[in-house]
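Participant: Encoded as structure tokens, here's the structure I'll be asking about.
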2 protein chains.
Amino acid sequence: MAAAKDKDVEKEILREATRLFAARGLEATSLQEVADAVGVKKQSLLYHYAGKDALHRAVLEALLSRWNETLPLLLRAAAREDRFDAILDETIGFFVEDPSRARLLLREALDRPDTMRALVAEFVSPWLAVLSDSIKKAQGLGTIRPDVDPESYIVMVIHLVLGNVATAGTVSSIAEKTRGSRVPDRIVREIKRMARTALMADATEGRRAAE
Amino acid sequence: MAAAKDKDVEKEILREATRLFAARGLEATSLQEVADAVGVKKQSLLYHYAGKDALHRAVLEALLSRWNETLPLLLRAAAREDRFDAILDETIGFFVEDPSRARLLLREALDRPDTMRALVAEFVSPWLAVLSDSIKKAQGLGTIRPDVDPESYIVMVIHLVLGNVATAGTVSSIAEKTRGSRVPDRIVREIKRMARTALMADATEGRRAAE
DNA sequence: CCTACCGATCGGTAGG
DNA sequence: CCTACCGATCGGTAGG
């Protein structure tokens, strides 16, 4: 029975550490705070995770392994006719489902650029190559604007999603009086509209219809 | 002579605090580190700034007062024919000139959402209203896409600029093997292209010319 | 009385 | 998982 309870505590530590690291940052969060949030002693936390670095690594690994789980969904979405909308929906959904993910990644990029670069190379590059090729092929067919720089465009969309989700209710409080940390619908709509318009060659259809 | 030297030290403290708070965050930076970077004792730093909070406030005030200085430039840019390109250029320039500005604001949004909301309300809302009205008028004239949500669109552009400048060489290392903290030219170009294409009704001209 | 500091140390807390 | 602790460093302040 102790083993099952240990696992529960271990997962609870990971949950609370994720939440606190995302909310305040790694260096601004003490192990004592994490232990208090779980309801155990700091020294018990150190039994499950060797130290702060180990806990930090475990938090990032949990996030990235969840991301790898959604990759099949992304690939399935990529097979659909409206593939770019579908991929964007899946990506937005992943971060909206738990905004801590966006905050953790943005903090990692700010606090430890070199670590982040390594994570990007390992977890983003694979599907970046696929997506980028797909954009280039569509440019050849004329369905995607020829002036799009595929790699840079993907960087833009990542920043739109991460930035808006991570700072939900702060920068976006310009447009919406949302108190909580949810991303307002009109912000999500504008992310999608902007991503689509800046990409698709026939994106002016909405304008023509409105005339 | 002592008075002139005091001002120098005080400005140097502000410079180094800005750099360190932007690079590591407020709570992860000790007053000792700031003092060491300046080359004075921590206690001398505490003579010039009553405490860490006072230093933090001074750093934000310096940033925001510099921003207010560039507002006339923005308004002058807004009078030009190509006003949206010009305003975007001025805004990108402000943050590229000192990437610490983007990092500080992004960290403030992550670390202290309520403080950030207040800063946004005070320093962004004024020109947001002007810009937003200008977009709505242009929508009436048909020069700007009718499906643009003006306020949300401006939030998007802010996130593109802040995110790309703050994490330069990290997320954007996908597209460019830039080691330093400079924003790669192709990233800046894609920010401008995306902002323009998603806004202007005649943004497909580039495509037509390429056909 | 004030300025621009210094060496030393305050009470608490950090990660381990 | 807890009790009993450590070397060090935190932001801030004492007298001079």
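Identifiers in this document derive from the order of the structure tokens: chains are assigned A, B, ..., residues are numbered from 1 separately in each chain, and ligands are numbered from 1 in order of occurrence.
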Write out as a list in words which residues come within 12 Å of DC10 (chain D) when counting only C-alpha atoms (C1' of nucleotides), dropping same-chain ones fewer than 5 positions away.
Facilitator: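 Residues meeting the cut-off are Glu27, Ala28, Thr29, Ser30, Leu31, Gln32, Glu33 and Lys52 of chain B; DG11, DG12, DT13 and DA14 of chain C.
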Participant: Write the residues you've just listed into a file as a CSV table (one decimal), in the first residue's frame, and include all heavy atoms for each of them.
Facilitator:
chain,number,residue,atom,x,y,z
B,27,GLU,N,13.5,38.1,-8.6
B,27,GLU,CA,13.7,37.3,-7.4
B,27,GLU,C,15.0,36.5,-7.5
B,27,GLU,O,15.6,36.1,-6.5
B,27,GLU,CB,12.5,36.4,-7.1
B,27,GLU,CG,11.3,37.2,-6.8
B,27,GLU,CD,10.2,36.3,-6.1
B,27,GLU,OE1,10.5,35.9,-4.9
B,27,GLU,OE2,9.2,36.0,-6.7
B,28,ALA,N,15.4,36.2,-8.8
B,28,ALA,CA,16.6,35.4,-9.0
B,28,ALA,C,17.9,36.3,-9.0
B,28,ALA,O,19.0,35.7,-9.1
B,28,ALA,CB,16.5,34.6,-10.3
B,29,THR,N,17.7,37.6,-8.8
B,29,THR,CA,18.9,38.5,-8.8
B,29,THR,C,19.1,39.1,-7.4
B,29,THR,O,18.1,39.6,-6.8
B,29,THR,CB,18.7,39.6,-9.8
B,29,THR,OG1,18.4,39.1,-11.1
B,29,THR,CG2,19.9,40.5,-9.9
B,30,SER,N,20.2,38.9,-6.8
B,30,SER,CA,20.5,39.4,-5.5
B,30,SER,C,21.1,40.9,-5.6
B,30,SER,O,21.7,41.2,-6.6
B,30,SER,CB,21.5,38.6,-4.7
B,30,SER,OG,22.7,38.6,-5.3
B,31,LEU,N,20.8,41.6,-4.6
B,31,LEU,CA,21.4,43.0,-4.6
B,31,LEU,C,22.9,42.9,-4.6
B,31,LEU,O,23.5,43.8,-5.2
B,31,LEU,CB,20.9,43.7,-3.3
B,31,LEU,CG,19.4,44.0,-3.2
B,31,LEU,CD1,19.1,44.8,-2.0
B,31,LEU,CD2,19.0,44.8,-4.5
B,32,GLN,N,23.5,41.9,-4.1
B,32,GLN,CA,24.9,41.7,-4.1
B,32,GLN,C,25.4,41.6,-5.6
B,32,GLN,O,26.4,42.1,-5.9
B,32,GLN,CB,25.3,40.4,-3.3
B,32,GLN,CG,26.8,40.3,-3.1
B,32,GLN,CD,27.4,41.4,-2.3
B,32,GLN,OE1,27.0,41.6,-1.2
B,32,GLN,NE2,28.2,42.2,-3.0
B,33,GLU,N,24.7,40.8,-6.4
B,33,GLU,CA,25.0,40.7,-7.8
B,33,GLU,C,25.0,42.0,-8.5
B,33,GLU,O,25.9,42.3,-9.3
B,33,GLU,CB,24.1,39.7,-8.5
B,33,GLU,CG,24.3,38.2,-8.1
B,33,GLU,CD,23.3,37.3,-8.7
B,33,GLU,OE1,22.1,37.5,-8.6
B,33,GLU,OE2,23.7,36.3,-9.4
B,52,LYS,N,15.1,46.6,-2.4
B,52,LYS,CA,15.0,45.9,-3.7
B,52,LYS,C,13.7,46.4,-4.5
B,52,LYS,O,13.8,46.6,-5.7
B,52,LYS,CB,14.9,44.4,-3.5
B,52,LYS,CG,15.4,43.6,-4.7
B,52,LYS,CD,15.2,42.1,-4.4
B,52,LYS,CE,16.1,41.3,-5.4
B,52,LYS,NZ,15.9,39.8,-5.3
C,11,DG,P,19.5,39.0,16.0
C,11,DG,OP1,19.0,39.2,17.4
C,11,DG,OP2,20.6,38.0,15.8
C,11,DG,O5',18.3,38.7,15.1
C,11,DG,C5',17.2,39.6,14.9
C,11,DG,C4',16.3,39.2,13.8
C,11,DG,O4',17.1,39.1,12.5
C,11,DG,C3',15.7,37.8,13.9
C,11,DG,O3',14.4,37.8,13.4
C,11,DG,C2',16.7,36.9,13.2
C,11,DG,C1',17.0,37.8,12.0
C,11,DG,N9,18.4,37.5,11.4
C,11,DG,C8,19.5,37.2,12.1
C,11,DG,N7,20.5,37.0,11.3
C,11,DG,C5,20.0,37.1,10.0
C,11,DG,C6,20.6,37.0,8.7
C,11,DG,O6,21.8,36.7,8.5
C,11,DG,N1,19.7,37.2,7.7
C,11,DG,C2,18.4,37.5,7.9
C,11,DG,N2,17.6,37.7,6.8
C,11,DG,N3,17.8,37.7,9.1
C,11,DG,C4,18.7,37.4,10.1
C,12,DG,P,13.4,36.5,13.6
C,12,DG,OP1,12.1,37.0,14.1
C,12,DG,OP2,14.2,35.5,14.4
C,12,DG,O5',13.2,35.9,12.1
C,12,DG,C5',14.3,35.7,11.3
C,12,DG,C4',13.9,35.5,9.9
C,12,DG,O4',15.1,35.6,9.1
C,12,DG,C3',13.4,34.1,9.7
C,12,DG,O3',12.4,34.0,8.6
C,12,DG,C2',14.6,33.3,9.3
C,12,DG,C1',15.5,34.3,8.7
C,12,DG,N9,16.9,34.1,9.1
C,12,DG,C8,17.4,34.1,10.4
C,12,DG,N7,18.7,33.9,10.4
C,12,DG,C5,19.1,33.8,9.1
C,12,DG,C6,20.4,33.6,8.5
C,12,DG,O6,21.4,33.4,9.1
C,12,DG,N1,20.3,33.6,7.1
C,12,DG,C2,19.2,33.8,6.4
C,12,DG,N2,19.3,33.8,5.1
C,12,DG,N3,18.0,34.0,6.9
C,12,DG,C4,18.0,34.0,8.3
C,13,DT,P,11.7,32.7,8.1
C,13,DT,OP1,10.4,33.1,7.6
C,13,DT,OP2,11.8,31.7,9.2
C,13,DT,O5',12.6,32.2,6.9
C,13,DT,C5',12.8,33.0,5.8
C,13,DT,C4',13.8,32.3,4.8
C,13,DT,O4',15.1,32.3,5.4
C,13,DT,C3',13.4,30.9,4.5
C,13,DT,O3',13.3,30.8,3.1
C,13,DT,C2',14.6,30.1,5.1
C,13,DT,C1',15.7,31.1,5.1
C,13,DT,N1,16.8,30.8,6.1
C,13,DT,C2,18.1,30.7,5.6
C,13,DT,O2,18.4,30.8,4.5
C,13,DT,N3,19.0,30.4,6.6
C,13,DT,C4,18.7,30.3,8.0
C,13,DT,O4,19.6,30.1,8.8
C,13,DT,C5,17.4,30.4,8.4
C,13,DT,C7,17.0,30.3,9.8
C,13,DT,C6,16.4,30.7,7.4
C,14,DA,P,12.8,29.5,2.4
C,14,DA,OP1,11.7,29.9,1.5
C,14,DA,OP2,12.6,28.4,3.4
C,14,DA,O5',14.0,29.1,1.4
C,14,DA,C5',14.6,30.0,0.5
C,14,DA,C4',15.9,29.6,0.0
C,14,DA,O4',16.9,29.8,1.0
C,14,DA,C3',16.0,28.1,-0.3
C,14,DA,O3',15.6,27.9,-1.6
C,14,DA,C2',17.4,27.8,-0.1
C,14,DA,C1',17.8,28.8,1.0
C,14,DA,N9,17.8,28.3,2.4
C,14,DA,C8,16.7,28.2,3.2
C,14,DA,N7,17.0,27.7,4.4
C,14,DA,C5,18.4,27.5,4.4
C,14,DA,C6,19.2,26.9,5.3
C,14,DA,N6,18.9,26.6,6.5
C,14,DA,N1,20.5,26.8,4.9
C,14,DA,C2,20.9,27.2,3.7
C,14,DA,N3,20.1,27.7,2.7
C,14,DA,C4,18.9,27.8,3.1
Participant: Set out as a tab-separated table a contact list for chain C and chain B with a cut-off of 12 Å, giving each residue of chain C that qualifies its closest atom pair and distance in Å to one decimal, counting only C-alpha atoms (C1' of nucleotides), ordered by chain and rising residue number.
Facilitator:
residue	atom	partner	partner_atom	distance
C:DT3	C1'	B:Ala2	CA	8.0
C:DA4	C1'	B:Ser44	CA	7.6
C:DC5	C1'	B:Ser44	CA	5.9
C:DC6	C1'	B:Lys41	CA	8.1
C:DG7	C1'	B:Gln43	CA	10.3
C:DA8	C1'	B:Gln43	CA	11.5
Participant: Could you save those same residues with N, CA, C and O atoms (P, O5', C5', C4', C3', O3' and C1' of nucleotides) as an mmCIF file, in the first residue's frame?
Facilitator:
data_model
loop_
_atom_site.group_PDB
_atom_site.id
_atom_site.type_symbol
_atom_site.label_atom_id
_atom_site.label_comp_id
_atom_site.auth_asym_id
_atom_site.auth_seq_id
_atom_site.Cartn_x
_atom_site.Cartn_y
_atom_site.Cartn_z
ATOM 1 P P DT C 3 21.939 64.801 2.025
ATOM 2 O "O5'" DT C 3 23.373 64.299 1.559
ATOM 3 C "C5'" DT C 3 24.019 64.882 0.417
ATOM 4 C "C4'" DT C 3 25.295 64.134 0.152
ATOM 5 C "C3'" DT C 3 25.123 62.639 0.018
ATOM 6 O "O3'" DT C 3 24.691 62.213 -1.269
ATOM 7 C "C1'" DT C 3 26.996 63.163 1.422
ATOM 8 P P DA C 4 25.598 62.064 -2.597
ATOM 9 O "O5'" DA C 4 26.639 60.928 -2.203
ATOM 10 C "C5'" DA C 4 28.009 61.091 -2.583
ATOM 11 C "C4'" DA C 4 28.883 60.098 -1.866
ATOM 12 C "C3'" DA C 4 28.594 58.642 -2.256
ATOM 13 O "O3'" DA C 4 29.819 58.005 -2.605
ATOM 14 C "C1'" DA C 4 28.710 58.852 0.079
ATOM 15 P P DC C 5 29.706 56.610 -3.442
ATOM 16 O "O5'" DC C 5 28.999 55.639 -2.415
ATOM 17 C "C5'" DC C 5 29.642 54.445 -2.006
ATOM 18 C "C4'" DC C 5 30.437 54.679 -0.721
ATOM 19 C "C3'" DC C 5 30.793 53.407 -0.002
ATOM 20 O "O3'" DC C 5 32.014 52.904 -0.504
ATOM 21 C "C1'" DC C 5 30.148 55.177 1.498
ATOM 22 P P DC C 6 32.279 51.320 -0.593
ATOM 23 O "O5'" DC C 6 32.719 50.939 0.888
ATOM 24 C "C5'" DC C 6 33.889 51.541 1.448
ATOM 25 C "C4'" DC C 6 33.967 51.180 2.917
ATOM 26 C "C3'" DC C 6 33.864 49.689 3.167
ATOM 27 O "O3'" DC C 6 35.098 49.187 3.642
ATOM 28 C "C1'" DC C 6 32.457 50.949 4.644
ATOM 29 P P DG C 7 35.416 47.630 3.481
ATOM 30 O "O5'" DG C 7 35.147 47.107 4.965
ATOM 31 C "C5'" DG C 7 35.824 47.697 6.056
ATOM 32 C "C4'" DG C 7 35.259 47.178 7.366
ATOM 33 C "C3'" DG C 7 35.168 45.662 7.456
ATOM 34 O "O3'" DG C 7 35.504 45.268 8.793
ATOM 35 C "C1'" DG C 7 33.009 46.576 7.663
ATOM 36 P P DA C 8 35.539 43.736 9.182
ATOM 37 O "O5'" DA C 8 34.112 43.548 9.864
ATOM 38 C "C5'" DA C 8 33.739 44.428 10.919
ATOM 39 C "C4'" DA C 8 32.306 44.170 11.334
ATOM 40 C "C3'" DA C 8 31.952 42.690 11.507
ATOM 41 O "O3'" DA C 8 31.624 42.470 12.868
ATOM 42 C "C1'" DA C 8 30.267 43.875 10.277
#
Participant: Please extract the residues of region 72-177 of chain A with a backbone DSSP assignment of helix (DSSP H, G or I) and present them as an MDAnalysis selection string.
Facilitator: chainID A and resid 72:78 83:97 100:111 113:123 125:141 150:166 171:174
Participant: Could you pull the residues within 9 Å of Arg107 (chain A), counting only C-alpha atoms (C1' of nucleotides), minus those fewer than 6 positions along the same chain, as an MDAnalysis selection string?
Facilitator: (chainID A and resid 21:22 25:26) or (chainID B and resid 107 110)
Participant: Would you write out those residues with N, CA and C atoms, as a JSON list (two decimals), in the first residue's frame?
Facilitator:
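File again05.json, as written:
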[["chain", "number", "residue", "atom", "x", "y", "z"],
["A", 21, "PHE", "N", 6.53, 26.40, -10.47],
["A", 21, "PHE", "CA", 7.62, 26.82, -11.37],
["A", 21, "PHE", "C", 7.05, 27.69, -12.50],
["A", 22, "ALA", "N", 5.88, 27.31, -13.00],
["A", 22, "ALA", "CA", 5.27, 28.08, -14.10],
["A", 22, "ALA", "C", 4.82, 29.45, -13.61],
["A", 25, "GLY", "N", 8.50, 30.91, -11.44],
["A", 25, "GLY", "CA", 9.85, 30.67, -11.93],
["A", 25, "GLY", "C", 10.60, 29.72, -11.01],
["A", 26, "LEU", "N", 11.62, 29.08, -11.56],
["A", 26, "LEU", "CA", 12.36, 28.05, -10.81],
["A", 26, "LEU", "C", 13.08, 28.63, -9.59],
["B", 107, "ARG", "N", 8.70, 39.32, -18.41],
["B", 107, "ARG", "CA", 8.85, 38.78, -17.05],
["B", 107, "ARG", "C", 7.83, 39.38, -16.11],
["B", 110, "LEU", "N", 4.62, 37.70, -16.59],
["B", 110, "LEU", "CA", 4.60, 36.34, -16.04],
["B", 110, "LEU", "C", 4.62, 36.36, -14.51]]
Participant: At what distance in Å, to one decimal, does CA of Ala86 (chain A) lie from CA of Glu69 (chain A)?
Facilitator: 16.5 Å
Participant: So which one's closest to Glu97 (chain B), B:Thr170, B:Ser125, B:Val38, B:Arg66? Using only C-alpha atoms, please.
Facilitator: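 Checking each of B:Thr170, B:Ser125, B:Val38, B:Arg66 against Glu97 (chain B), counting only C-alpha atoms, the winner is B:Arg66.
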Participant: Give me the residues within 12 Å of region 76-82 of chain A as a list in words, counting only C-alpha atoms (C1' of nucleotides) and dropping any in the same chain fewer than 4 places off.
Facilitator: Thr70, Leu71, Pro72, Ala86, Ile87, Leu88, Asp89, Glu90, Thr91, Trp127, Val130, Leu131, Ser134, Ile135, Thr143, Arg196 and Met200 of chain A
Participant: Suppose we keep N, CA, C and O atoms; can you now write the selection as a PDB file, in the first residue's frame?
Facilitator:
ATOM      1  N   THR A  70       0.888  14.064 -28.047  1.00  0.00           N
ATOM      2  CA  THR A  70      -0.076  14.726 -28.936  1.00  0.00           C
ATOM      3  C   THR A  70       0.417  14.771 -30.379  1.00  0.00           C
ATOM      4  O   THR A  70      -0.332  15.164 -31.268  1.00  0.00           O
ATOM      5  N   LEU A  71       1.654  14.365 -30.606  1.00  0.00           N
ATOM      6  CA  LEU A  71       2.184  14.383 -31.977  1.00  0.00           C
ATOM      7  C   LEU A  71       1.361  13.531 -32.937  1.00  0.00           C
ATOM      8  O   LEU A  71       1.085  13.968 -34.063  1.00  0.00           O
ATOM      9  N   PRO A  72       0.942  12.311 -32.534  1.00  0.00           N
ATOM     10  CA  PRO A  72       0.085  11.526 -33.427  1.00  0.00           C
ATOM     11  C   PRO A  72      -1.183  12.280 -33.826  1.00  0.00           C
ATOM     12  O   PRO A  72      -1.608  12.236 -34.982  1.00  0.00           O
ATOM     13  N   ALA A  86      -6.310  22.667 -38.646  1.00  0.00           N
ATOM     14  CA  ALA A  86      -6.390  21.540 -37.721  1.00  0.00           C
ATOM     15  C   ALA A  86      -5.153  21.448 -36.834  1.00  0.00           C
ATOM     16  O   ALA A  86      -5.244  21.240 -35.617  1.00  0.00           O
ATOM     17  N   ILE A  87      -3.970  21.635 -37.426  1.00  0.00           N
ATOM     18  CA  ILE A  87      -2.722  21.581 -36.653  1.00  0.00           C
ATOM     19  C   ILE A  87      -2.693  22.710 -35.636  1.00  0.00           C
ATOM     20  O   ILE A  87      -2.323  22.520 -34.474  1.00  0.00           O
ATOM     21  N   LEU A  88      -3.106  23.901 -36.071  1.00  0.00           N
ATOM     22  CA  LEU A  88      -3.122  25.050 -35.164  1.00  0.00           C
ATOM     23  C   LEU A  88      -4.092  24.810 -34.006  1.00  0.00           C
ATOM     24  O   LEU A  88      -3.780  25.117 -32.848  1.00  0.00           O
ATOM     25  N   ASP A  89      -5.265  24.235 -34.326  1.00  0.00           N
ATOM     26  CA  ASP A  89      -6.241  23.923 -33.275  1.00  0.00           C
ATOM     27  C   ASP A  89      -5.652  22.983 -32.233  1.00  0.00           C
ATOM     28  O   ASP A  89      -5.819  23.190 -31.024  1.00  0.00           O
ATOM     29  N   GLU A  90      -4.969  21.939 -32.691  1.00  0.00           N
ATOM     30  CA  GLU A  90      -4.361  20.980 -31.764  1.00  0.00           C
ATOM     31  C   GLU A  90      -3.303  21.655 -30.890  1.00  0.00           C
ATOM     32  O   GLU A  90      -3.213  21.409 -29.691  1.00  0.00           O
ATOM     33  N   THR A  91      -2.494  22.509 -31.514  1.00  0.00           N
ATOM     34  CA  THR A  91      -1.412  23.188 -30.786  1.00  0.00           C
ATOM     35  C   THR A  91      -1.986  24.154 -29.748  1.00  0.00           C
ATOM     36  O   THR A  91      -1.562  24.156 -28.586  1.00  0.00           O
ATOM     37  N   TRP A 127       8.940  17.930 -36.240  1.00  0.00           N
ATOM     38  CA  TRP A 127       7.708  18.283 -36.950  1.00  0.00           C
ATOM     39  C   TRP A 127       7.833  19.639 -37.638  1.00  0.00           C
ATOM     40  O   TRP A 127       7.051  19.959 -38.524  1.00  0.00           O
ATOM     41  N   VAL A 130       8.756  18.646 -41.222  1.00  0.00           N
ATOM     42  CA  VAL A 130       7.573  18.150 -41.940  1.00  0.00           C
ATOM     43  C   VAL A 130       6.674  19.311 -42.356  1.00  0.00           C
ATOM     44  O   VAL A 130       6.260  19.430 -43.515  1.00  0.00           O
ATOM     45  N   LEU A 131       6.388  20.183 -41.383  1.00  0.00           N
ATOM     46  CA  LEU A 131       5.493  21.312 -41.627  1.00  0.00           C
ATOM     47  C   LEU A 131       6.067  22.264 -42.671  1.00  0.00           C
ATOM     48  O   LEU A 131       5.343  22.748 -43.555  1.00  0.00           O
ATOM     49  N   SER A 134       5.825  20.895 -46.106  1.00  0.00           N
ATOM     50  CA  SER A 134       4.434  20.941 -46.531  1.00  0.00           C
ATOM     51  C   SER A 134       4.067  22.334 -47.036  1.00  0.00           C
ATOM     52  O   SER A 134       3.373  22.479 -48.046  1.00  0.00           O
ATOM     53  N   ILE A 135       4.569  23.360 -46.328  1.00  0.00           N
ATOM     54  CA  ILE A 135       4.315  24.743 -46.746  1.00  0.00           C
ATOM     55  C   ILE A 135       4.983  25.022 -48.097  1.00  0.00           C
ATOM     56  O   ILE A 135       4.375  25.619 -48.989  1.00  0.00           O
ATOM     57  N   THR A 143      -1.262  27.536 -53.480  1.00  0.00           N
ATOM     58  CA  THR A 143      -2.309  27.653 -52.461  1.00  0.00           C
ATOM     59  C   THR A 143      -1.813  28.419 -51.237  1.00  0.00           C
ATOM     60  O   THR A 143      -2.602  28.874 -50.429  1.00  0.00           O
ATOM     61  N   ARG A 196      -3.896  32.208 -40.412  1.00  0.00           N
ATOM     62  CA  ARG A 196      -4.459  31.762 -41.686  1.00  0.00           C
ATOM     63  C   ARG A 196      -4.245  32.806 -42.782  1.00  0.00           C
ATOM     64  O   ARG A 196      -3.779  32.497 -43.878  1.00  0.00           O
ATOM     65  N   MET A 200      -2.339  31.716 -46.229  1.00  0.00           N
ATOM     66  CA  MET A 200      -3.088  31.226 -47.390  1.00  0.00           C
ATOM     67  C   MET A 200      -3.174  32.255 -48.514  1.00  0.00           C
ATOM     68  O   MET A 200      -3.421  33.437 -48.272  1.00  0.00           O
TER      69      MET A 200
END
Participant: Can you measure CA of Ala129 (chain B) to CA of Val157 (chain B) for me? One decimal in Å is fine.
Facilitator: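 A separation of 15.1 Å between them.
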